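Peer 1: Got a structure for you, input24.txt, holding compact mmCIF, C-alpha atoms and all ligand atoms.
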```
# COMPACT_ATOMS: atom_id res chain seq x y z
CA MET A 24 3.96 19.05 3.06
CA HIS A 25 7.52 20.06 2.18
CA VAL A 26 7.33 18.78 -1.39
CA SER A 27 4.01 20.56 -1.95
CA LEU A 28 5.39 23.85 -0.60
CA ALA A 29 8.49 23.62 -2.80
CA LEU A 30 6.38 22.96 -5.89
CA LYS A 31 3.99 25.78 -5.09
CA LYS A 32 6.83 28.21 -4.36
CA ARG A 33 8.29 27.69 -7.82
CA GLY A 34 4.89 28.27 -9.44
CA ASP A 35 3.43 24.79 -9.94
CA GLY A 36 -0.22 24.04 -9.17
CA VAL A 37 -0.63 21.50 -6.36
CA VAL A 38 -3.62 19.59 -4.96
CA GLY A 39 -3.06 17.37 -1.93
CA LEU A 40 -4.87 14.23 -0.74
CA ASP A 41 -4.58 12.80 2.78
CA ASN A 42 -6.90 10.73 4.98
CA PHE A 43 -5.59 12.27 8.24
CA ASN A 44 -5.59 8.88 9.96
CA ASN A 45 -4.61 8.60 13.61
CA TYR A 46 -1.40 6.52 13.29
CA TYR A 47 0.12 9.52 15.05
CA ASP A 48 -1.31 12.78 16.38
CA PRO A 49 -3.76 13.96 13.66
CA SER A 50 -3.54 17.53 15.03
CA LEU A 51 0.06 17.68 13.73
CA LYS A 52 -1.24 16.58 10.32
CA ARG A 53 -3.94 19.25 10.46
CA ALA A 54 -1.37 21.89 11.43
CA ARG A 55 0.67 20.90 8.34
CA ARG A 56 -2.53 21.24 6.32
CA GLY A 57 -2.97 24.76 7.72
CA VAL A 58 0.51 25.70 6.49
CA LEU A 59 -0.31 24.38 3.02
CA GLU A 60 -3.66 26.14 2.85
CA ASN A 61 -1.99 29.41 3.89
CA HIS A 62 0.14 28.98 0.78
CA GLY A 63 -2.88 28.45 -1.44
CA ILE A 64 -2.60 24.65 -1.67
CA PHE A 65 -5.94 22.86 -1.60
CA ILE A 66 -6.07 19.61 0.36
CA VAL A 67 -8.75 17.00 -0.21
CA GLU A 68 -9.53 14.83 2.81
CA GLY A 69 -9.90 11.26 1.55
CA ASP A 70 -8.37 7.84 1.20
CA ILE A 71 -6.32 6.64 -1.75
CA ASN A 72 -8.52 3.53 -1.67
CA ASP A 73 -11.53 5.64 -2.63
CA ALA A 74 -11.67 4.92 -6.37
CA ALA A 75 -14.73 7.12 -6.94
CA LEU A 76 -13.04 10.11 -5.32
CA LEU A 77 -9.88 9.61 -7.38
CA LYS A 78 -11.93 9.29 -10.56
CA LYS A 79 -13.69 12.57 -9.78
CA LEU A 80 -10.39 14.34 -9.07
CA PHE A 81 -8.76 13.06 -12.27
CA HIS A 82 -11.89 14.05 -14.19
CA MET A 83 -11.80 17.60 -12.80
CA ILE A 84 -8.05 18.19 -13.13
CA SER A 85 -5.59 17.13 -15.84
CA PHE A 86 -2.72 16.22 -13.53
CA THR A 87 0.64 16.15 -15.31
CA HIS A 88 2.35 14.39 -12.38
CA VAL A 89 1.35 12.42 -9.31
CA MET A 90 3.73 12.55 -6.35
CA HIS A 91 2.55 9.61 -4.26
CA LEU A 92 3.81 9.84 -0.66
CA ALA A 93 0.79 8.52 1.25
CA ALA A 94 1.57 5.30 3.10
CA GLN A 95 1.39 3.41 6.34
CA ALA A 96 4.96 4.17 7.41
CA GLY A 97 6.97 2.91 10.39
CA VAL A 98 8.83 -0.36 10.60
CA ARG A 99 7.93 -1.68 14.04
CA TYR A 100 4.18 -0.80 14.03
CA ALA A 101 3.70 -3.44 11.32
CA MET A 102 3.68 -6.11 14.05
CA GLU A 103 0.77 -4.37 15.79
CA ASN A 104 -1.39 -3.49 12.79
CA PRO A 105 -0.36 -5.46 9.70
CA SER A 106 -3.58 -4.84 7.77
CA SER A 107 -3.04 -1.06 7.73
CA TYR A 108 0.11 -1.69 5.63
CA VAL A 109 -1.80 -3.84 3.17
CA HIS A 110 -4.62 -1.26 3.04
CA SER A 111 -2.48 1.80 2.26
CA ASN A 112 0.72 0.44 0.71
CA ILE A 113 -0.72 -2.30 -1.49
CA ALA A 114 -4.49 -1.89 -2.02
CA GLY A 115 -4.23 1.93 -1.96
CA LEU A 116 -1.32 1.94 -4.37
CA VAL A 117 -3.23 -0.25 -6.84
CA THR A 118 -6.32 1.97 -6.60
CA LEU A 119 -4.19 5.03 -7.29
CA LEU A 120 -2.40 3.39 -10.23
CA GLU A 121 -5.76 2.33 -11.69
CA ALA A 122 -6.86 5.97 -11.60
CA CYS A 123 -3.57 7.13 -13.18
CA LYS A 124 -3.69 4.51 -15.92
CA SER A 125 -7.24 5.52 -16.92
CA ALA A 126 -6.61 9.27 -16.81
CA GLU A 127 -6.22 11.25 -20.02
CA PRO A 128 -3.51 12.37 -20.20
CA GLN A 129 -1.78 9.77 -18.03
CA PRO A 130 0.28 11.53 -15.35
CA ALA A 131 3.91 10.59 -14.68
CA VAL A 132 4.00 8.90 -11.25
CA VAL A 133 6.76 9.43 -8.69
CA TRP A 134 6.29 7.53 -5.44
CA ALA A 135 8.06 6.80 -2.16
CA SER A 136 9.54 3.36 -1.77
CA SER A 137 11.99 2.88 1.12
CA SER A 138 15.54 1.98 2.07
CA SER A 139 13.96 -0.85 4.04
CA VAL A 140 13.68 -2.89 0.81
CA TYR A 141 17.42 -3.68 1.17
CA GLY A 142 16.38 -5.70 4.22
CA LEU A 143 19.03 -8.04 5.49
CA ASN A 144 21.70 -7.07 2.94
CA THR A 145 25.09 -6.63 4.56
CA LYS A 146 27.03 -5.21 1.60
CA VAL A 147 27.11 -1.42 1.89
CA PRO A 148 26.54 1.11 0.48
CA PHE A 149 23.24 -0.13 -0.94
CA SER A 150 22.92 0.30 -4.70
CA GLU A 151 19.72 0.14 -6.69
CA LEU A 152 20.68 -3.16 -8.36
CA ASP A 153 21.45 -4.91 -5.05
CA ARG A 154 19.14 -7.68 -3.81
CA THR A 155 15.82 -6.57 -2.35
CA ASP A 156 14.23 -9.97 -1.83
CA ARG A 157 14.94 -10.35 1.89
CA PRO A 158 12.71 -7.82 3.68
CA ALA A 159 12.97 -7.77 7.48
CA SER A 160 9.52 -6.25 8.13
CA LEU A 161 6.04 -6.30 6.66
CA TYR A 162 6.46 -2.58 5.95
CA ALA A 163 9.52 -3.37 3.81
CA ALA A 164 7.65 -6.21 2.11
CA THR A 165 4.79 -3.86 1.15
CA LYS A 166 7.26 -1.31 -0.29
CA LYS A 167 8.99 -4.09 -2.23
CA ALA A 168 5.56 -5.25 -3.45
CA GLY A 169 4.94 -1.63 -4.52
CA GLU A 170 8.05 -1.72 -6.68
CA GLU A 171 6.80 -4.88 -8.41
CA ILE A 172 3.24 -3.55 -8.75
CA THR A 173 4.41 -0.27 -10.29
CA HIS A 174 6.56 -2.26 -12.71
CA THR A 175 3.50 -4.05 -14.04
CA TYR A 176 1.60 -0.77 -14.55
CA ASN A 177 4.59 0.52 -16.46
CA HIS A 178 4.84 -2.65 -18.53
CA ILE A 179 1.16 -3.12 -19.34
CA TYR A 180 -0.20 0.42 -19.48
CA GLY A 181 2.85 2.51 -20.32
CA LEU A 182 2.66 4.52 -17.10
CA SER A 183 5.83 6.48 -16.42
CA ILE A 184 6.95 5.45 -12.92
CA THR A 185 9.77 6.56 -10.65
CA GLY A 186 10.28 4.91 -7.24
CA LEU A 187 12.37 6.75 -4.64
CA ARG A 188 14.03 4.78 -1.86
CA PHE A 189 14.20 7.34 0.97
CA PHE A 190 16.69 6.75 3.79
CA THR A 191 15.40 7.67 7.32
CA VAL A 192 14.14 11.17 6.61
CA TYR A 193 14.03 13.73 9.44
CA GLY A 194 13.36 17.43 9.97
CA PRO A 195 10.80 20.06 11.02
CA TRP A 196 7.15 18.89 10.83
CA GLY A 197 8.38 15.27 10.80
CA ARG A 198 6.89 12.09 12.20
CA PRO A 199 6.50 11.71 16.00
CA ASP A 200 6.86 7.92 15.72
CA MET A 201 10.46 8.24 14.53
CA ALA A 202 13.38 7.96 16.96
CA TYR A 203 14.83 11.48 16.49
CA PHE A 204 11.39 12.97 17.26
CA SER A 205 10.35 10.71 20.17
CA PHE A 206 13.85 10.95 21.71
CA THR A 207 13.59 14.76 21.66
CA LYS A 208 10.21 14.65 23.38
CA ASP A 209 11.32 12.13 26.03
CA ILE A 210 14.71 13.72 26.72
CA LEU A 211 13.02 17.08 27.33
CA ALA A 212 10.45 15.41 29.61
CA GLY A 213 13.20 13.64 31.59
CA LYS A 214 11.80 10.26 30.51
CA PRO A 215 14.11 7.36 29.65
CA ILE A 216 14.71 6.50 26.00
CA THR A 217 15.39 3.01 24.71
CA VAL A 218 18.45 2.65 22.49
CA TYR A 219 18.65 -0.59 20.55
CA GLN A 220 21.89 -2.43 19.94
CA GLY A 221 22.70 -5.06 17.33
CA PRO A 222 24.39 -8.44 17.90
CA LYS A 223 27.65 -8.30 19.93
CA GLU A 224 26.62 -4.88 21.34
CA MET A 225 27.06 -3.31 17.90
CA ASP A 226 25.66 0.20 17.54
CA LEU A 227 22.84 0.57 15.02
CA ALA A 228 23.32 3.20 12.33
CA ARG A 229 21.20 5.05 9.80
CA ASP A 230 21.89 7.16 6.75
CA PHE A 231 19.71 9.96 8.22
CA THR A 232 18.62 12.29 5.40
CA TYR A 233 17.42 15.85 5.94
CA ILE A 234 14.01 16.73 4.53
CA ASP A 235 15.25 19.61 2.31
CA ASP A 236 17.66 17.22 0.57
CA ILE A 237 14.82 14.74 0.03
CA VAL A 238 12.64 17.52 -1.40
CA LYS A 239 15.37 18.41 -3.91
CA GLY A 240 15.51 14.75 -4.93
CA CYS A 241 11.72 14.60 -5.30
CA LEU A 242 11.64 17.68 -7.53
CA GLY A 243 14.65 16.49 -9.55
CA SER A 244 12.96 13.17 -10.21
CA LEU A 245 9.63 14.82 -11.08
CA ASP A 246 11.37 17.16 -13.52
CA THR A 247 13.20 14.33 -15.29
CA ALA A 248 10.15 12.03 -15.42
CA LYS A 249 9.18 11.54 -19.04
CA LYS A 250 5.55 11.73 -20.11
CA SER A 251 3.66 8.44 -20.11
CA THR A 252 3.21 6.86 -23.50
CA GLY A 253 0.01 4.93 -22.78
CA ILE A 254 -3.25 6.69 -23.61
CA GLY A 255 -6.12 6.36 -21.19
CA GLY A 256 -5.03 2.85 -20.29
CA LYS A 257 -5.82 1.64 -23.81
CA LYS A 258 -2.42 1.54 -25.39
CA LYS A 259 0.70 -0.16 -24.11
CA GLY A 260 3.66 2.18 -24.24
CA GLN A 261 7.35 2.19 -23.47
CA ALA A 262 7.43 4.73 -20.66
CA GLN A 263 10.16 5.14 -18.07
CA TYR A 264 10.52 2.82 -15.10
CA ARG A 265 13.14 4.13 -12.68
CA ILE A 266 14.26 3.54 -9.10
CA PHE A 267 16.62 5.82 -7.16
CA ASN A 268 18.17 5.86 -3.72
CA LEU A 269 17.72 9.21 -1.96
CA GLY A 270 20.03 9.04 1.05
CA ASN A 271 22.79 11.06 2.66
CA THR A 272 25.81 8.71 2.21
CA SER A 273 27.15 9.28 5.74
CA PRO A 274 25.57 6.91 8.28
CA VAL A 275 25.48 7.97 11.93
CA THR A 276 25.04 5.60 14.87
CA VAL A 277 22.01 5.89 17.13
CA PRO A 278 24.22 6.74 20.19
CA ASN A 279 25.68 9.60 18.14
CA LEU A 280 22.17 10.77 17.26
CA VAL A 281 21.46 10.84 21.02
CA ASN A 282 24.72 12.78 21.70
CA ILE A 283 23.79 15.45 19.16
CA LEU A 284 20.30 15.80 20.64
CA GLU A 285 21.71 16.06 24.18
CA LYS A 286 23.94 18.94 23.10
CA LEU A 287 21.17 20.76 21.25
CA LEU A 288 18.62 20.29 24.04
CA LYS A 289 21.18 20.86 26.80
CA VAL A 290 19.72 17.89 28.69
CA LYS A 291 21.40 14.57 29.47
CA ALA A 292 19.35 11.61 28.19
CA LYS A 293 18.39 8.74 30.47
CA GLN A 294 19.17 5.76 28.30
CA HIS A 295 18.09 2.12 28.45
CA ILE A 296 20.37 0.18 26.15
CA VAL A 297 18.72 -3.06 25.04
CA ALA A 298 19.31 -5.72 22.40
CA MET A 299 17.46 -4.95 19.15
CA PRO A 300 14.17 -6.83 19.43
CA GLY A 301 13.21 -8.98 16.44
CA ASN A 302 10.65 -6.43 15.32
CA GLY A 303 11.60 -5.67 11.75
CA ASP A 304 14.57 -3.40 12.40
CA VAL A 305 17.73 -3.66 10.31
CA PRO A 306 21.16 -2.91 11.86
CA PHE A 307 22.33 -0.22 9.43
CA THR A 308 21.55 1.62 6.19
CA HIS A 309 23.86 3.43 3.81
CA ALA A 310 22.94 4.77 0.38
CA ASN A 311 24.90 4.79 -2.84
CA ILE A 312 23.39 7.87 -4.55
CA THR A 313 25.42 7.84 -7.78
CA LEU A 314 22.40 7.10 -9.95
CA ALA A 315 20.31 10.01 -8.62
CA HIS A 316 23.33 12.28 -8.90
CA GLU A 317 23.92 11.32 -12.53
CA GLU A 318 20.25 11.54 -13.51
CA PHE A 319 19.19 14.78 -11.81
CA GLY A 320 22.16 16.15 -9.88
CA TYR A 321 21.02 14.92 -6.45
CA ARG A 322 23.57 15.93 -3.84
CA PRO A 323 22.57 16.12 -0.14
CA THR A 324 24.15 19.04 1.73
CA THR A 325 22.85 18.85 5.32
CA ASP A 326 24.64 16.77 7.93
CA LEU A 327 22.82 15.34 10.95
CA SER A 328 23.96 18.05 13.42
CA ALA A 329 22.86 20.90 11.15
CA GLY A 330 19.57 19.19 10.29
CA LEU A 331 18.74 18.33 13.92
CA LYS A 332 19.47 21.91 14.92
CA LYS A 333 16.71 23.04 12.55
CA PHE A 334 14.42 20.27 13.79
CA VAL A 335 14.94 21.21 17.46
CA ARG A 336 14.29 24.88 16.70
CA TRP A 337 11.01 23.93 15.02
CA TYR A 338 10.10 21.45 17.80
CA LEU A 339 10.54 24.05 20.53
CA SER A 340 8.52 26.64 18.65
CA PHE A 341 5.71 24.18 17.88
CA TYR A 342 5.54 22.17 21.11
CA GLY A 343 7.68 24.06 23.61
CA ALA A 344 9.94 22.22 26.04
CA ASP A 345 6.87 20.75 27.78
CA GLY A 346 5.76 18.95 24.59
CA VAL A 347 2.33 20.59 24.34
CA ASN A 348 1.06 21.25 20.81
CA ARG A 349 0.40 25.00 20.61
CA SER A 350 -1.04 25.07 17.10
N1 LIG B 1 10.24 9.41 6.79
C1 LIG B 1 11.06 8.43 6.43
O1 LIG B 1 12.09 8.18 7.03
C2 LIG B 1 10.73 7.59 5.22
C3 LIG B 1 11.73 6.73 4.74
C4 LIG B 1 11.45 5.91 3.65
C5 LIG B 1 10.22 6.02 3.01
N2 LIG B 1 9.28 6.86 3.49
C6 LIG B 1 8.00 6.96 2.76
O2 LIG B 1 7.82 8.32 2.41
C7 LIG B 1 6.43 8.62 2.36
C8 LIG B 1 6.13 9.83 3.20
O3 LIG B 1 6.44 9.49 4.55
P1 LIG B 1 6.53 10.55 5.70
O4 LIG B 1 7.59 10.09 6.62
O5 LIG B 1 6.56 11.92 5.12
O6 LIG B 1 5.17 10.28 6.45
P2 LIG B 1 3.91 11.20 6.75
O7 LIG B 1 3.17 10.52 7.85
O8 LIG B 1 4.31 12.59 6.96
O9 LIG B 1 3.10 11.15 5.40
C9 LIG B 1 2.28 10.09 5.01
C10 LIG B 1 0.84 10.62 4.93
O10 LIG B 1 0.06 9.63 4.28
C11 LIG B 1 -1.25 9.70 4.83
N3 LIG B 1 -1.92 8.44 4.53
C12 LIG B 1 -1.60 7.21 5.01
N4 LIG B 1 -2.43 6.30 4.48
C13 LIG B 1 -3.28 6.95 3.64
C14 LIG B 1 -4.34 6.55 2.81
N5 LIG B 1 -4.73 5.27 2.75
N6 LIG B 1 -4.99 7.49 2.08
C15 LIG B 1 -4.63 8.79 2.15
N7 LIG B 1 -3.62 9.23 2.93
C16 LIG B 1 -2.95 8.32 3.66
C17 LIG B 1 -1.01 9.95 6.31
O11 LIG B 1 -2.15 10.50 6.95
C18 LIG B 1 0.19 10.87 6.30
O12 LIG B 1 -0.19 12.23 6.40
C19 LIG B 1 5.72 7.33 2.81
O13 LIG B 1 5.38 6.61 1.65
C20 LIG B 1 6.79 6.59 3.58
O14 LIG B 1 6.57 5.20 3.58
C21 LIG B 1 9.50 7.66 4.57
O1 LIG B 2 14.61 4.51 5.65
C1 LIG B 2 13.53 3.93 5.70
O2 LIG B 2 13.13 3.28 4.73
C2 LIG B 2 12.68 3.94 6.94
O3 LIG B 2 13.20 4.95 7.81
C3 LIG B 2 12.53 5.04 9.06
O4 LIG B 2 12.71 3.81 9.76
P1 LIG B 2 13.92 3.70 10.79
O5 LIG B 2 15.22 3.94 10.12
O6 LIG B 2 13.75 2.43 11.51
O7 LIG B 2 13.66 4.98 11.70
P2 LIG B 2 13.41 5.15 13.26
O8 LIG B 2 12.22 4.40 13.70
O9 LIG B 2 13.45 6.60 13.53
O10 LIG B 2 14.69 4.44 13.91
C4 LIG B 2 16.00 4.97 13.72
C5 LIG B 2 16.99 4.16 14.49
O11 LIG B 2 16.74 4.31 15.89
C6 LIG B 2 16.58 3.04 16.50
N1 LIG B 2 15.58 3.15 17.59
C7 LIG B 2 14.30 3.42 17.30
C8 LIG B 2 13.38 3.58 18.30
C9 LIG B 2 13.79 3.43 19.63
O12 LIG B 2 12.99 3.56 20.60
N2 LIG B 2 15.08 3.15 19.88
C10 LIG B 2 16.01 3.00 18.90
O13 LIG B 2 17.20 2.75 19.17
C11 LIG B 2 16.16 2.10 15.42
O14 LIG B 2 16.56 0.77 15.74
C12 LIG B 2 16.92 2.66 14.21
O15 LIG B 2 18.21 2.12 14.21
C13 LIG B 2 11.04 5.32 8.86
O16 LIG B 2 10.34 5.26 10.09
C14 LIG B 2 10.41 4.34 7.89
O17 LIG B 2 9.09 4.78 7.61
C15 LIG B 2 11.25 4.34 6.63
O18 LIG B 2 10.74 3.55 5.65
```
The structure given in the file should be rewritten as structure tokens.
Peer 2:
Amino acid sequence: MHVSLALKKRGDGVVGLDNFNNYYDPSLKRARRGVLENHGIFIVEGDINDAALLKKLFHMISFTHVMHLAAQAGVRYAMENPSSYVHSNIAGLVTLLEACKSAEPQPAVVWASSSSVYGLNTKVPFSELDRTDRPASLYAATKKAGEEITHTYNHIYGLSITGLRFFTVYGPWGRPDMAYFSFTKDILAGKPITVYQGPKEMDLARDFTYIDDIVKGCLGSLDTAKKSTGIGGKKKGQAQYRIFNLGNTSPVTVPNLVNILEKLLKVKAKQHIVAMPGNGDVPFTHANITLAHEEFGYRPTTDLSAGLKKFVRWYLSFYGADGVNRS
């Protein structure tokens, strides 16, 4: 939603595609759609696995770029519903790349990978050339597979591909399954929250990245994506294959995240502190963003307190303190 709005605001044409699945409250997704439609952005309701639909869309519109953000996200849910990750993040990705490779002209593709590909690495900050062959979750494994799959479409068909490894993105209109969002809801409702701890009672930490910074990185990478050199999937080219970290470079522990929320919400959290279950979580993330800075001037400017302040303001206007969706 935020990337589409930013593109539209600067004068680009945008068409969206989303299947509005019920991984989390679809009414939030539909409210986001309302915002986009109010800005003149047309949204098609459909699945990226629907090859016929994609073919029709690519036939009707000569897309210059595809910004591919659709995915089954969430690290821990992969243990409950593994096939949804294969469906959207592997099969769906291939269906989309098939459509892109056959389109004339071929669009440049920018897509969301994930910081989770660094898996069990302990050397921080994570740099793009570090190992990514030890995923801790099926979600991470599907994003890693996406990086390999996109490489083959670049190699064989000359598709121009840029993969962005986002680091725990948060902000207004965000995902209710993520900790910052569910903690806000539960703290306001007086319900206990569960805070995970690593081995030896170590605090977990994330390089939380504010949505507006991510949007700048998305637009910067789109604008520096070179045109594909393949033609309609018939000619092998030498197009770009790039991968960038988009993080914030200043990790914050989960207890500190809770402290900031308590101050903003003016409510003390009831906390259950438990050992991190073996559910795909990694203890910490931290991005080296030198490459994105050098290539398109990426420089995040919002720290967690400032970003959460904007999130909480949005949350209270959208849900109210009682957590009821008023859209
Ligand atoms: N939010 C984060 O912290 C984070 C971090 C790293 C990577 N990512 C990646 O960034 C991208 C955007 O994530 P987000 O957090 O904005 O999530 P989001 O839920 O806002 O956006 C993903 C959208 O994809 C749609 N979708 C899922 N499967 C689909 C399918 N098969 N066909 C069509 N639409 C489908 C969903 O309905 C949803 O609206 C995802 O690829 C995610 O894996 C997110
Ligand atoms: O950067 C990424 O690649 C990933 O970032 C997030 O994954 P995660 O960092 O695990 O985000 P949250 O689920 O919001 O968890 C944040 C932190 O809070 C902790 N947490 C989460 C939930 C909870 O109930 N308690 C708790 O302590 C987690 O262990 C983690 O350390 C997104 O959910 C993934 O889609 C994304 O791919």
Peer 1: Nearest to Lys223 (chain A): which of A:Ile179, A:Leu76, A:Ala298, A:Leu92 is it, counting all atoms listed in the file?
Peer 2: A:Ala298
Peer 1: Check which residues fall inside 6 Å of ligand LIG 1 (chain B) when counting all atoms listed in the file, and print them as a JSON list (two decimals) with C-alpha atoms, keeping the file's coordinate frame.
Peer 2:
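Output saved as result18.json:
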```json
[["chain", "number", "residue", "atom", "x", "y", "z"],
["A", 41, "ASP", "CA", -4.58, 12.80, 2.78],
["A", 42, "ASN", "CA", -6.90, 10.73, 4.98],
["A", 43, "PHE", "CA", -5.59, 12.27, 8.24],
["A", 44, "ASN", "CA", -5.59, 8.88, 9.96],
["A", 52, "LYS", "CA", -1.24, 16.58, 10.32],
["A", 69, "GLY", "CA", -9.90, 11.26, 1.55],
["A", 70, "ASP", "CA", -8.37, 7.84, 1.20],
["A", 71, "ILE", "CA", -6.32, 6.64, -1.75],
["A", 92, "LEU", "CA", 3.81, 9.84, -0.66],
["A", 93, "ALA", "CA", 0.79, 8.52, 1.25],
["A", 94, "ALA", "CA", 1.57, 5.30, 3.10],
["A", 95, "GLN", "CA", 1.39, 3.41, 6.34],
["A", 96, "ALA", "CA", 4.96, 4.17, 7.41],
["A", 111, "SER", "CA", -2.48, 1.80, 2.26],
["A", 115, "GLY", "CA", -4.23, 1.93, -1.96],
["A", 135, "ALA", "CA", 8.06, 6.80, -2.16],
["A", 136, "SER", "CA", 9.54, 3.36, -1.77],
["A", 137, "SER", "CA", 11.99, 2.88, 1.12],
["A", 138, "SER", "CA", 15.54, 1.98, 2.07],
["A", 189, "PHE", "CA", 14.20, 7.34, 0.97],
["A", 190, "PHE", "CA", 16.69, 6.75, 3.79],
["A", 191, "THR", "CA", 15.40, 7.67, 7.32],
["A", 192, "VAL", "CA", 14.14, 11.17, 6.61],
["A", 198, "ARG", "CA", 6.89, 12.09, 12.20]]
```
Peer 1: Looking at A:Gly142, A:Pro130, A:Pro323, A:Gly330, which one is nearest to ligand LIG 2 (chain B), with distances taken over all atoms listed in the file?
Peer 2: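 Among A:Gly142, A:Pro130, A:Pro323, A:Gly330, it is A:Gly142 that comes nearest to ligand LIG 2 (chain B).
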Peer 1: Write out as a list in words each polymer residue whose atoms come within 8 Å of Lys250 (chain A), counting only C-alpha atoms; drop sequence neighbours fewer than 2 positions from it.
Peer 2: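 My reading of the contact set: Gln129, Pro130, Ala131, Ser183, Ala248, Thr252 and Ala262 of chain A.
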Peer 1: Report as number ranges by chain all protein, DNA and RNA residues lying within 8 Å of region 159-165 of chain A, evaluated on all atoms listed in the file, omitting residues in the same chain fewer than 4 positions from it.
Peer 2: A: 95-99, 101-102, 105, 108-109, 112-113, 137, 139-140, 142-143, 169, 302-305
Peer 1: What does the distance from CA of Asp226 (chain A) to CA of Tyr141 (chain A) come to in Å, to one decimal?
Peer 2: 18.7 Å
Peer 1: Which is closer to Tyr338 (chain A) than all the others in A:Tyr176, A:Phe204, A:Tyr219, A:Phe307, using all atoms listed in the file?
Peer 2: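 Ranking A:Tyr176, A:Phe204, A:Tyr219, A:Phe307 by distance to Tyr338 (chain A), first place goes to A:Phe204.
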Peer 1: Do you know which residues are at most 12 Å from Arg188 (chain A) counting all atoms listed in the file, after dropping those on the same chain fewer than 5 positions away, and could you put them as number ranges by chain?
Peer 2: A: 92, 133-141, 149-151, 155, 163, 166-167, 169-170, 230, 232, 237, 240-241, 244, 265-271, 308-312, 314-315
Peer 1: For region 335-348 of chain A, what centre and edge lengths in Å (one decimal) does the axis-aligned box get once 8 Å is added on each side of all its listed atoms, as lines of an AutoDock Vina configuration file?
Peer 2:
```
center_x = 8.0
center_y = 22.8
center_z = 21.4
size_x = 29.9
size_y = 23.7
size_z = 28.8
```
Peer 1: So the first atom is CA of Val275 (chain A) and the second is CA of Arg229 (chain A); what is the distance between them in Å, to one decimal place?
Peer 2: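 CA of Arg229 (chain A) lies 5.6 Å from CA of Val275 (chain A).
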Peer 1: Quote the spacing between CA of His110 (chain A) and CA of Leu242 (chain A) in Å to one decimal place.
Peer 2: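 CA of His110 (chain A) sits 27.1 Å away from CA of Leu242 (chain A).
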Peer 1: Kindly indicate which residue among A:Thr272, A:Thr173, A:Ser106, A:Thr207 lies nearest to Val290 (chain A), using all atoms listed in the file for the distances.
Peer 2: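 For Val290 (chain A), the nearest of the given residues is A:Thr207.
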Peer 1: Between A:Tyr46, A:Tyr203, A:Tyr180, A:Phe341, which has the minimum distance to ligand LIG 2 (chain B) (counting all atoms listed in the file)?
Peer 2: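 When distances to ligand LIG 2 (chain B) are compared using all atoms listed in the file, the smallest one comes from A:Tyr203.
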Peer 1: Nearest to Ser328 (chain A): which of A:Thr185, A:Asn104, A:Asn279, A:Thr313 is it, counting all atoms listed in the file?
Peer 2: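 Of A:Thr185, A:Asn104, A:Asn279, A:Thr313, the one nearest Ser328 (chain A), counting all atoms listed in the file, is A:Asn279.
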